[in-house]
Amino acid sequence: MNLFDQVSEDIKKAMLARDKVRLEALRGVKKEFLEAKTAKGANGELTDEAATKILVKMVKQRKESANIYQENNRPELAENELAEAAVIEEYLPKQLTEEELTAALKEIITESGAEGPKDMGKVMGIATKKLAGKAEGKAISAKVKELLGQ
């Protein structure tokens with residue numbers, strides 16, 4: 001079952017369970033998926049890879065919104081955003097630990113033949129594709145800088 005079908009099934013379950021936060025988050029996900037499916041040049045298809053990119057973007061948006069709400073002293077709104085982010089994260093691949101990320105990036109650096117900070121773009125291009133959904137872009141970037149800076 002692909003991600004689109006899984007989300008559709010889980011919307012039904014959330015309705016039956018009367019889980020408002022889960023239902024709201026999943027409806028948002030389905031909306032984004034439908035928009036991606038009907039976008040120009042999408043052929044009415046949505047690959048799991050494209051769906052994962054959408055999910056990563058949505059989680060990032062929710063977390064950024066929660067931070068803004070916290071800064072503006074609106075914890076009740078921040079809680080809702082974080083709860084929705086947690087629901088969406090359930091559909092993402094398991095996140096890499098610090099050690100796993102370092103090992104994966106060292107392998108990518110060796111593969112690409114990168115030697116220093118000037119090769120960061122080359123490494124980031126490969127890393128963001130290989131590690132999509134498994135690690136945040138900020139974390140990947142920081143670790144690549146650290147590894148190439150040595």
# chains A, B, ... in the order shown; residues from 1 in each chain; ligands from 1
>>> select_by_dssp(residues="segment 2-150 of chain A", states="helix (DSSP H, G or I)", output="PyMOL selection string")
chain A and resi 3-17+20-38+48-71+75-89+98-112+117-130+137-149
>>> write_last_selection(atoms="C-alpha atoms", output="short mmCIF file (atom, residue, chain, number, x, y, z; two decimals), in the first residue's frame")
data_model
loop_
_atom_site.label_atom_id
_atom_site.label_comp_id
_atom_site.auth_asym_id
_atom_site.auth_seq_id
_atom_site.Cartn_x
_atom_site.Cartn_y
_atom_site.Cartn_z
CA LEU A 3 1.48 6.42 1.29
CA PHE A 4 -1.54 8.02 -0.38
CA ASP A 5 -3.72 4.95 0.23
CA GLN A 6 -2.37 4.58 3.77
CA VAL A 7 -3.28 8.18 4.64
CA SER A 8 -6.77 7.73 3.15
CA GLU A 9 -7.34 4.63 5.28
CA ASP A 10 -6.05 6.36 8.40
CA ILE A 11 -8.40 9.31 7.82
CA LYS A 12 -11.32 6.89 8.06
CA LYS A 13 -9.90 5.41 11.27
CA ALA A 14 -9.38 8.87 12.77
CA MET A 15 -12.98 9.79 11.94
CA LEU A 16 -14.28 6.68 13.68
CA ALA A 17 -12.04 7.32 16.69
CA LYS A 20 -9.57 15.66 15.90
CA VAL A 21 -5.83 16.42 15.80
CA ARG A 22 -4.99 13.28 13.82
CA LEU A 23 -7.89 13.84 11.44
CA GLU A 24 -6.92 17.47 10.81
CA ALA A 25 -3.28 16.56 10.17
CA LEU A 26 -4.16 13.70 7.82
CA ARG A 27 -6.65 15.80 5.88
CA GLY A 28 -3.89 18.36 5.36
CA VAL A 29 -1.57 15.61 4.13
CA LYS A 30 -4.18 14.25 1.74
CA LYS A 31 -4.84 17.76 0.39
CA GLU A 32 -1.13 18.20 -0.36
CA PHE A 33 -0.96 14.74 -1.96
CA LEU A 34 -3.99 15.48 -4.18
CA GLU A 35 -2.50 18.80 -5.25
CA ALA A 36 0.76 17.06 -6.15
CA LYS A 37 -1.13 14.37 -8.08
CA THR A 38 -3.06 16.91 -10.13
CA ASP A 48 6.28 7.40 -2.40
CA GLU A 49 9.48 9.40 -2.92
CA ALA A 50 7.51 12.52 -3.88
CA ALA A 51 5.08 11.89 -1.02
CA THR A 52 7.98 11.67 1.44
CA LYS A 53 9.30 15.04 0.25
CA ILE A 54 5.86 16.55 0.84
CA LEU A 55 5.70 15.04 4.34
CA VAL A 56 9.15 16.37 5.25
CA LYS A 57 8.11 19.84 4.09
CA MET A 58 4.89 19.68 6.10
CA VAL A 59 6.66 18.61 9.30
CA LYS A 60 9.17 21.43 8.87
CA GLN A 61 6.36 23.96 8.39
CA ARG A 62 4.55 22.74 11.51
CA LYS A 63 7.70 22.99 13.63
CA GLU A 64 8.51 26.48 12.35
CA SER A 65 4.94 27.60 13.09
CA ALA A 66 5.19 26.13 16.60
CA ASN A 67 8.40 28.10 17.21
CA ILE A 68 6.73 31.32 16.07
CA TYR A 69 3.75 30.64 18.34
CA GLN A 70 6.10 29.98 21.28
CA GLU A 71 7.95 33.24 20.65
CA PRO A 75 1.57 27.84 23.74
CA GLU A 76 -1.89 26.41 22.97
CA LEU A 77 -1.40 27.02 19.25
CA ALA A 78 2.18 25.71 19.38
CA GLU A 79 0.96 22.49 21.04
CA ASN A 80 -1.51 21.89 18.22
CA GLU A 81 1.17 22.41 15.55
CA LEU A 82 3.58 20.04 17.33
CA ALA A 83 0.83 17.42 17.72
CA GLU A 84 0.11 17.59 13.99
CA ALA A 85 3.84 17.36 13.22
CA ALA A 86 4.06 14.21 15.36
CA VAL A 87 1.18 12.62 13.43
CA ILE A 88 2.80 13.44 10.07
CA GLU A 89 6.21 12.15 11.24
CA GLU A 98 23.82 10.99 14.91
CA GLU A 99 26.17 8.00 14.45
CA GLU A 100 24.21 6.58 11.51
CA LEU A 101 24.16 9.99 9.83
CA THR A 102 27.91 10.42 10.28
CA ALA A 103 28.59 6.94 8.86
CA ALA A 104 26.29 7.50 5.86
CA LEU A 105 27.88 10.88 5.11
CA LYS A 106 31.44 9.52 5.39
CA GLU A 107 30.46 6.87 2.85
CA ILE A 108 28.98 9.50 0.51
CA ILE A 109 32.10 11.69 0.87
CA THR A 110 34.32 8.73 -0.02
CA GLU A 111 32.06 7.79 -2.95
CA SER A 112 32.04 11.31 -4.38
CA PRO A 117 34.91 22.46 1.90
CA LYS A 118 34.95 23.36 -1.81
CA ASP A 119 33.26 20.00 -2.56
CA MET A 120 30.33 20.59 -0.20
CA GLY A 121 27.84 21.17 -3.03
CA LYS A 122 28.70 17.87 -4.66
CA VAL A 123 28.30 15.98 -1.36
CA MET A 124 25.07 17.78 -0.41
CA GLY A 125 23.50 16.95 -3.78
CA ILE A 126 24.08 13.24 -3.26
CA ALA A 127 23.31 13.28 0.47
CA THR A 128 19.97 15.07 0.18
CA LYS A 129 18.79 12.51 -2.39
CA LYS A 130 20.03 9.46 -0.49
CA GLY A 137 18.55 19.14 5.74
CA LYS A 138 20.03 21.32 8.49
CA ALA A 139 21.52 18.30 10.25
CA ILE A 140 22.96 16.94 7.00
CA SER A 141 24.46 20.31 6.10
CA ALA A 142 26.03 20.84 9.52
CA LYS A 143 27.54 17.34 9.57
CA VAL A 144 28.91 17.67 6.01
CA LYS A 145 30.55 20.99 6.96
CA GLU A 146 32.07 19.36 10.01
CA LEU A 147 33.37 16.33 8.09
CA LEU A 148 34.77 18.31 5.15
CA GLY A 149 36.29 20.96 7.39
#
>>> atom_distance(atom1="atom CA of Leu131 of chain A", atom2="atom CA of Leu92 of chain A")
11.7 Å
>>> atom_distance(atom1="atom CA of Met1 of chain A", atom2="atom CA of Gly133 of chain A")
18.4 Å
>>> closest_residue(among="A:Asn72, A:Lys94, A:Ala114, A:Asn2", to="Glu45 of chain A", atoms="only C-alpha atoms")
A:Asn2
